[in-house]
Structure formats: structure tokens, C-alpha cells
>>> print(open('my_file_8.csv').read())   # CSV, C-alpha atoms and all ligand atoms
chain,number,residue,atom,x,y,z
A,1,MET,CA,90.8,76.9,139.9
A,2,SER,CA,91.8,76.6,136.3
A,3,ALA,CA,92.1,79.1,133.4
A,4,LYS,CA,89.9,78.7,130.3
A,5,LEU,CA,91.7,79.5,127.1
A,6,VAL,CA,90.9,79.8,123.5
A,7,VAL,CA,93.8,79.2,121.2
A,8,PHE,CA,93.8,80.1,117.5
A,9,SER,CA,95.9,81.2,114.6
A,10,GLY,CA,95.3,83.9,112.0
A,11,SER,CA,96.5,81.6,109.1
A,12,LEU,CA,94.0,79.6,107.0
A,13,ARG,CA,96.9,77.6,105.4
A,14,LYS,CA,96.7,73.9,105.9
A,15,ASP,CA,100.5,73.5,106.6
A,16,SER,CA,100.7,76.9,108.4
A,17,TYR,CA,103.7,77.4,110.7
A,18,ASN,CA,101.4,79.7,112.9
A,19,LYS,CA,98.8,76.9,113.2
A,20,LYS,CA,101.6,74.6,114.3
A,21,LEU,CA,102.7,77.2,116.8
A,22,ALA,CA,99.2,77.5,118.1
A,23,ARG,CA,98.8,73.7,118.5
A,24,ILE,CA,102.1,73.7,120.4
A,25,CYS,CA,100.9,76.5,122.7
A,26,ALA,CA,97.5,74.6,123.2
A,27,LYS,CA,99.4,71.5,124.2
A,28,MET,CA,101.6,73.4,126.6
A,29,ALA,CA,98.6,75.2,128.2
A,30,GLU,CA,96.8,71.9,128.7
A,31,SER,CA,99.8,70.4,130.4
A,32,ALA,CA,100.0,73.5,132.6
A,33,GLY,CA,96.5,72.8,133.8
A,34,ALA,CA,94.4,75.1,131.6
A,35,GLU,CA,91.1,74.1,129.9
A,36,VAL,CA,91.8,74.7,126.2
A,37,ASP,CA,89.6,75.2,123.2
A,38,PHE,CA,91.7,75.1,120.0
A,39,ILE,CA,90.0,76.8,117.0
A,40,ASP,CA,91.0,76.4,113.4
A,41,LEU,CA,89.6,79.5,111.6
A,42,ASN,CA,89.5,77.4,108.4
A,43,GLU,CA,87.0,75.1,109.9
A,44,LEU,CA,85.0,78.0,111.4
A,45,SER,CA,85.1,80.0,108.2
A,46,MET,CA,83.3,83.3,108.3
A,47,PRO,CA,82.2,85.4,105.3
A,48,LEU,CA,83.9,88.8,104.8
A,49,TYR,CA,82.3,91.1,107.2
A,50,ASN,CA,79.6,93.2,105.5
A,51,GLU,CA,77.4,95.5,107.6
A,52,ASP,CA,74.5,95.0,105.1
A,53,MET,CA,74.7,91.3,105.6
A,54,GLU,CA,74.6,91.7,109.4
A,55,SER,CA,71.6,94.0,109.2
A,56,THR,CA,69.6,91.8,106.9
A,57,GLN,CA,70.7,88.3,108.1
A,58,GLY,CA,72.1,88.9,111.6
A,59,ILE,CA,75.5,87.8,112.8
A,60,ASP,CA,77.0,84.9,110.8
A,61,SER,CA,76.4,81.6,112.5
A,62,ASN,CA,80.1,80.6,112.6
A,63,ALA,CA,80.9,84.1,113.9
A,64,LEU,CA,78.3,83.5,116.7
A,65,LEU,CA,80.0,80.2,117.5
A,66,PHE,CA,83.4,81.9,117.6
A,67,LYS,CA,82.0,84.6,119.9
A,68,GLU,CA,80.5,82.0,122.2
A,69,LYS,CA,83.9,80.4,122.6
A,70,LEU,CA,85.6,83.7,123.2
A,71,ASN,CA,82.9,84.8,125.7
A,72,SER,CA,83.3,81.7,127.8
A,73,ALA,CA,87.1,81.9,127.9
A,74,ASP,CA,89.2,83.8,130.4
A,75,GLY,CA,91.9,84.5,127.9
A,76,PHE,CA,93.3,83.9,124.4
A,77,ILE,CA,96.5,82.7,122.8
A,78,ILE,CA,96.7,84.1,119.3
A,79,THR,CA,99.4,83.3,116.7
A,80,SER,CA,99.3,85.3,113.5
A,81,PRO,CA,101.2,85.3,110.2
A,82,GLU,CA,102.6,88.6,109.1
A,83,TYR,CA,101.2,89.8,105.8
A,84,ASN,CA,102.8,93.0,104.5
A,85,GLY,CA,103.9,94.1,107.9
A,86,SER,CA,100.6,93.4,109.6
A,87,TYR,CA,98.4,90.6,110.9
A,88,SER,CA,96.3,88.6,108.4
A,89,GLY,CA,93.0,89.7,106.9
A,90,ALA,CA,91.4,86.4,108.1
A,91,LEU,CA,92.3,87.3,111.7
A,92,LYS,CA,91.0,90.8,111.4
A,93,ASN,CA,87.8,89.5,109.8
A,94,ALA,CA,87.2,87.1,112.6
A,95,ILE,CA,87.9,89.8,115.2
A,96,ASP,CA,85.6,92.2,113.4
A,97,TRP,CA,82.7,89.7,113.5
A,98,ALA,CA,83.4,88.9,117.1
A,99,SER,CA,83.4,92.6,118.0
A,100,ARG,CA,79.7,92.8,117.0
A,101,GLN,CA,77.2,92.9,119.9
A,102,ALA,CA,74.9,89.8,119.9
A,103,GLU,CA,71.5,89.8,121.6
A,104,GLY,CA,71.9,89.8,125.4
A,105,GLU,CA,75.6,90.7,125.3
A,106,SER,CA,77.3,93.8,126.7
A,107,MET,CA,79.4,95.8,124.3
A,108,LEU,CA,82.6,94.0,123.2
A,109,GLN,CA,81.8,91.2,125.6
A,110,SER,CA,84.0,88.8,123.7
A,111,PHE,CA,87.1,90.9,124.4
A,112,ARG,CA,86.7,93.1,127.5
A,113,GLY,CA,88.1,91.7,130.7
A,114,LYS,CA,90.0,88.9,128.8
A,115,TYR,CA,93.8,88.3,129.0
A,116,ALA,CA,95.9,87.3,126.0
A,117,ILE,CA,99.4,86.5,124.7
A,118,ILE,CA,100.3,86.9,121.1
A,119,LEU,CA,103.0,85.1,119.1
A,120,ALA,CA,104.0,84.9,115.5
A,121,THR,CA,106.3,83.0,113.3
A,122,SER,CA,107.6,83.6,109.7
A,123,PRO,CA,110.2,82.3,107.4
A,124,GLY,CA,111.7,85.9,107.5
A,125,ALA,CA,114.3,87.3,109.8
A,126,PHE,CA,112.0,89.2,112.1
A,127,GLY,CA,109.5,86.4,112.7
A,128,GLY,CA,106.4,88.5,112.2
A,129,LEU,CA,107.3,91.1,114.9
A,130,ARG,CA,105.8,94.0,113.0
A,131,GLY,CA,102.4,92.3,112.8
A,132,LEU,CA,102.4,91.7,116.5
A,133,SER,CA,102.7,95.4,117.5
A,134,GLN,CA,99.6,96.1,115.3
A,135,LEU,CA,97.7,93.1,116.7
A,136,ARG,CA,98.5,94.4,120.3
A,137,LEU,CA,97.0,97.8,119.4
A,138,LEU,CA,93.9,96.1,117.9
A,139,LEU,CA,93.2,93.8,120.9
A,140,SER,CA,94.0,96.4,123.6
A,141,GLY,CA,91.6,98.8,121.8
A,142,LEU,CA,88.9,96.2,122.2
A,143,GLY,CA,89.5,95.9,125.9
A,144,THR,CA,91.7,92.8,126.1
A,145,THR,CA,94.7,93.0,128.5
A,146,LEU,CA,97.8,91.7,126.8
A,147,LEU,CA,100.9,90.5,128.6
A,148,ALA,CA,103.8,92.7,127.9
A,149,ASP,CA,105.9,89.8,126.6
A,150,GLN,CA,105.4,88.4,123.2
A,151,ILE,CA,107.3,86.0,121.0
A,152,ALA,CA,108.2,86.3,117.3
A,153,ILE,CA,110.0,83.2,115.8
A,154,PRO,CA,112.1,83.8,112.7
A,155,LYS,CA,113.2,81.2,110.2
A,156,ALA,CA,110.0,79.2,110.7
A,157,GLN,CA,111.1,76.5,108.3
A,158,GLU,CA,114.0,75.7,110.7
A,159,ALA,CA,112.1,76.3,114.0
A,160,PHE,CA,109.7,73.4,113.9
A,161,HIS,CA,109.9,69.7,113.2
A,162,SER,CA,108.1,69.1,109.9
A,163,LYS,CA,106.4,65.9,110.9
A,164,ASN,CA,105.2,66.8,114.4
A,165,ASP,CA,104.2,69.7,116.5
A,166,GLU,CA,107.5,70.4,118.2
A,167,PHE,CA,110.2,73.0,118.2
A,168,THR,CA,113.6,72.0,117.0
A,169,SER,CA,115.2,74.1,119.8
A,170,GLU,CA,114.7,73.1,123.5
A,171,LYS,CA,115.5,76.7,124.5
A,172,ARG,CA,112.6,78.0,122.3
A,173,ALA,CA,110.2,75.5,123.8
A,174,GLU,CA,111.2,76.7,127.2
A,175,SER,CA,110.6,80.3,126.4
A,176,VAL,CA,107.2,79.6,124.8
A,177,GLN,CA,106.2,77.4,127.8
A,178,LYS,CA,107.2,80.2,130.2
A,179,LEU,CA,105.0,82.7,128.4
A,180,VAL,CA,102.0,80.3,128.2
A,181,THR,CA,102.4,79.5,131.9
A,182,ARG,CA,102.6,83.2,132.8
A,183,LEU,CA,99.3,83.8,131.0
A,184,ILE,CA,97.7,81.0,133.0
A,185,SER,CA,99.1,82.2,136.4
A,186,THR,CA,98.1,85.8,135.6
A,187,ILE,CA,94.5,84.7,134.9
A,188,ILE,CA,94.3,82.6,138.0
A,189,LYS,CA,95.7,85.4,140.2
A,190,LEU,CA,93.3,88.0,138.8
A,191,LYS,CA,90.2,85.9,138.4
B,201,LIG,C1,103.9,87.1,103.4
B,201,LIG,N1,105.0,86.8,104.2
B,201,LIG,C2,105.6,87.7,105.0
B,201,LIG,N2,106.5,87.4,105.9
B,201,LIG,C3,107.0,88.3,106.8
B,201,LIG,O1,107.8,88.0,107.6
B,201,LIG,N3,106.7,89.6,106.7
B,201,LIG,C4,105.7,90.0,105.8
B,201,LIG,O2,105.4,91.2,105.7
B,201,LIG,C5,105.2,89.1,104.9
B,201,LIG,N4,104.2,89.5,103.9
B,201,LIG,C6,103.5,88.5,103.3
B,201,LIG,C7,102.4,88.9,102.5
B,201,LIG,C8,101.6,87.9,101.9
B,201,LIG,C9,100.4,88.3,101.1
B,201,LIG,C10,102.0,86.5,102.0
B,201,LIG,C11,101.1,85.5,101.4
B,201,LIG,C12,103.1,86.2,102.7
B,201,LIG,C13,105.4,85.4,104.2
B,201,LIG,C14,104.7,84.6,105.3
B,201,LIG,O3,105.4,84.9,106.5
B,201,LIG,C15,104.7,83.1,105.0
B,201,LIG,O4,104.0,82.8,103.9
B,201,LIG,C16,104.2,82.3,106.2
B,201,LIG,O5,104.5,81.0,106.0
B,201,LIG,C17,102.7,82.6,106.5
B,201,LIG,O6,102.4,82.0,107.7
B,201,LIG,P1,101.7,80.6,107.9
B,201,LIG,O7,100.6,80.5,106.9
B,201,LIG,O8,102.8,79.6,107.5
B,201,LIG,O9,101.3,80.5,109.3
>>> encode(input="my_file_8.csv", output="C-alpha cells")
Amino acid sequence: MSAKLVVFSGSLRKDSYNKKLARICAKMAESAGAEVDFIDLNELSMPLYNEDMESTQGIDSNALLFKEKLNSADGFIITSPEYNGSYSGALKNAIDWASRQAEGESMLQSFRGKYAIILATSPGAFGGLRGLSQLRLLLSGLGTTLLADQIAIPKAQEAFHSKNDEFTSEKRAESVQKLVTRLISTIIKLK
């Protein structure tokens, strides 16, 4: 039995450190035997959520695609930049869209009963830690079970190789791999 994971980042930036972190996590999860769907929110761009738009045009088509991916996954790995002490607006917008009930779905189907780990990285000294506690609140309020451990990586400009998706520190790679593996084994145990 394998775990099915969706991996995405809350940054839309082309050279985003958090996207890089998400790609590293995706690679680690695959090598640990998970089935992985990596999503770039820039490629699956969604309009700013507007209830009037939903009531006249329905749920945005990219939001529906995003929801389908979340619905079919057992769990998520989410990496988010910290903007002004919180997670990014792009991440909140995607989550707001995904929280809407599509035809044939149960309430909050995209989030309830799923497992997740959250990580962040930032050039700052705290690595986006403040945003993670808010993201934890948001996701657990939607019914997703988050593993207690999380990782915030400070000094992002030194933490990753600029030319490839690798950490500069072996110790860091080990701790992220451990967290990713724990998510997969939790899902397999509880599935
Ligand atoms: C930031 N940045 C930032 N960093 C941080 O550690 N704490 C913070 O509260 C903020 N606030 C903030 C607000 C806004 C509007 C911007 C644009 C940036 C810096 C941020 O961590 C940095 O730009 C990262 O590189 C963003 O992540 P990605 O895009 O590299 O993944």
C-alpha cells in the first residue's frame, strides 16, 4: 500500500525558495515510495475568490482541478513563504477555493480526513515559523490532521544550492527526509 500525496508551495515566485523546498520534499516522498502530485500554483492560477463569481459562474475551473487533486490524495506537503508574519495570500486564496463544496462532494471533502506536514523557509532568522502556526490553525480548522512536527528553515539563501534542488546541509536533508517519511508511514498505518 502506498500513500498518495499532493505537494505544493504558497509562493508564486519563479525562483521561490519555498517552491524549491516543495520540489525537494516531493523527490524525497517519491523515493520513500509515495505517489506524488506536485502542483505549481502559478501554473494552476485561480482568480481572487469572490462569492459573486462563484454564484454566477460556479467554482473556477482551475480551483476544481486543484480540488480534484486534493480529493484524491491521502495527504499534503505544504511549504509556505511568510508574508508579514503569516502565510501567503496566494495560499489562502487556493485554500478558500478548495474549501467550497462542489457538486456531489461532502462538506470540506478536500481537507477532512487528510494528513499534512507544513514547512517554510525564508531569508530571515526564523525561517517563516510565525506563518506556520497560522497555517496549522487554518488547516486543522478545515479538518486536516497535521503532524506535530514542522520545519522552518532560516537563511534560505544559504540553505539551498542555487543551481539544483538540494540542501547545502546534509543534516537538514536528513531532518526533512525524516519528517516526509513520518507523514507517509502515518498515512499507511491509519489508512
Ligand atoms: C516578506 N518576507 C518576509 N520574511 C519573513 O521571514 N517574515 C515576514 O514576515 C516577511 N514578510 C514579507 C512580506 C512581503 C509582502 C514579502 C514580499 C516578503 C520575505 C520573504 O520571506 C522572502 O521574500 C522569501 O524569499 C519569499 O519566499 P519565496 O517566494 O522565496 O518562497
>>> closest_atom_pairs(input="my_file_8.csv", of="chain A", to="ligand LIG 201 (chain B)", cutoff="6 Å", atoms="only C-alpha atoms and all ligand atoms", output="Markdown table")
| residue | atom | partner | partner_atom | distance |
| --- | --- | --- | --- | --- |
| A:Ser11 | CA | B:LIG201 | O7 | 4.8 |
| A:Arg13 | CA | B:LIG201 | O7 | 4.9 |
| A:Ser16 | CA | B:LIG201 | O8 | 3.5 |
| A:Tyr17 | CA | B:LIG201 | O8 | 4.0 |
| A:Asn18 | CA | B:LIG201 | O9 | 3.7 |
| A:Lys19 | CA | B:LIG201 | O9 | 5.9 |
| A:Pro81 | CA | B:LIG201 | O6 | 4.3 |
| A:Glu82 | CA | B:LIG201 | C4 | 4.7 |
| A:Tyr83 | CA | B:LIG201 | N4 | 3.6 |
| A:Asn84 | CA | B:LIG201 | O2 | 3.4 |
| A:Gly85 | CA | B:LIG201 | O2 | 3.9 |
| A:Ser122 | CA | B:LIG201 | O3 | 4.1 |
| A:Pro123 | CA | B:LIG201 | O3 | 5.5 |
| A:Gly124 | CA | B:LIG201 | O1 | 4.4 |
| A:Gly127 | CA | B:LIG201 | O1 | 5.6 |
| A:Gly128 | CA | B:LIG201 | O1 | 4.8 |
>>> write_last_selection(input="my_file_8.csv", atoms="C-alpha atoms", output="PDB file, in the frame of the given file")
ATOM      1  CA  SER A  11      96.500  81.600 109.100  1.00  0.00           C
ATOM      2  CA  ARG A  13      96.900  77.600 105.400  1.00  0.00           C
ATOM      3  CA  SER A  16     100.700  76.900 108.400  1.00  0.00           C
ATOM      4  CA  TYR A  17     103.700  77.400 110.700  1.00  0.00           C
ATOM      5  CA  ASN A  18     101.400  79.700 112.900  1.00  0.00           C
ATOM      6  CA  LYS A  19      98.800  76.900 113.200  1.00  0.00           C
ATOM      7  CA  PRO A  81     101.200  85.300 110.200  1.00  0.00           C
ATOM      8  CA  GLU A  82     102.600  88.600 109.100  1.00  0.00           C
ATOM      9  CA  TYR A  83     101.200  89.800 105.800  1.00  0.00           C
ATOM     10  CA  ASN A  84     102.800  93.000 104.500  1.00  0.00           C
ATOM     11  CA  GLY A  85     103.900  94.100 107.900  1.00  0.00           C
ATOM     12  CA  SER A 122     107.600  83.600 109.700  1.00  0.00           C
ATOM     13  CA  PRO A 123     110.200  82.300 107.400  1.00  0.00           C
ATOM     14  CA  GLY A 124     111.700  85.900 107.500  1.00  0.00           C
ATOM     15  CA  GLY A 127     109.500  86.400 112.700  1.00  0.00           C
ATOM     16  CA  GLY A 128     106.400  88.500 112.200  1.00  0.00           C
TER      17      GLY A 128
END
>>> residues_around(input="my_file_8.csv", residues="A:Met28", least_positions_apart="3", cutoff="10 Å", atoms="all atoms listed in the file", output="MDAnalysis selection string")
chainID A and resid 22:25 31:34 36 173 176:178 180:181
>>> write_last_selection(input="my_file_8.csv", atoms="C-alpha atoms", output="JSON list (two decimals), in the frame of the given file")
[["chain", "number", "residue", "atom", "x", "y", "z"],
["A", 22, "ALA", "CA", 99.20, 77.50, 118.10],
["A", 23, "ARG", "CA", 98.80, 73.70, 118.50],
["A", 24, "ILE", "CA", 102.10, 73.70, 120.40],
["A", 25, "CYS", "CA", 100.90, 76.50, 122.70],
["A", 31, "SER", "CA", 99.80, 70.40, 130.40],
["A", 32, "ALA", "CA", 100.00, 73.50, 132.60],
["A", 33, "GLY", "CA", 96.50, 72.80, 133.80],
["A", 34, "ALA", "CA", 94.40, 75.10, 131.60],
["A", 36, "VAL", "CA", 91.80, 74.70, 126.20],
["A", 173, "ALA", "CA", 110.20, 75.50, 123.80],
["A", 176, "VAL", "CA", 107.20, 79.60, 124.80],
["A", 177, "GLN", "CA", 106.20, 77.40, 127.80],
["A", 178, "LYS", "CA", 107.20, 80.20, 130.20],
["A", 180, "VAL", "CA", 102.00, 80.30, 128.20],
["A", 181, "THR", "CA", 102.40, 79.50, 131.90]]
>>> closest_residue(input="my_file_8.csv", among="A:Lys67, A:Lys163, A:Lys14, A:Lys189", to="A:Ser2", atoms="only C-alpha atoms")
A:Lys189
>>> atom_distance(input="my_file_8.csv", atom1="atom CA of A:Leu21", atom2="atom CA of A:Arg182")
17.1 Å
>>> residues_near_point(input="my_file_8.csv", point="(97.2, 94.8, 118.6)", cutoff="12 Å", atoms="only C-alpha atoms", output="number ranges by chain")
A: 78-80, 86-88, 91-92, 95, 116-119, 129-148, 150
>>> atom_distance(input="my_file_8.csv", atom1="atom CA of A:Phe160", atom2="atom CA of A:Glu174")
13.8 Å
>>> residues_around(input="my_file_8.csv", residues="A:Gln101", least_positions_apart="5", cutoff="9 Å", atoms="all atoms listed in the file", output="number ranges by chain")
A: 59, 106-110
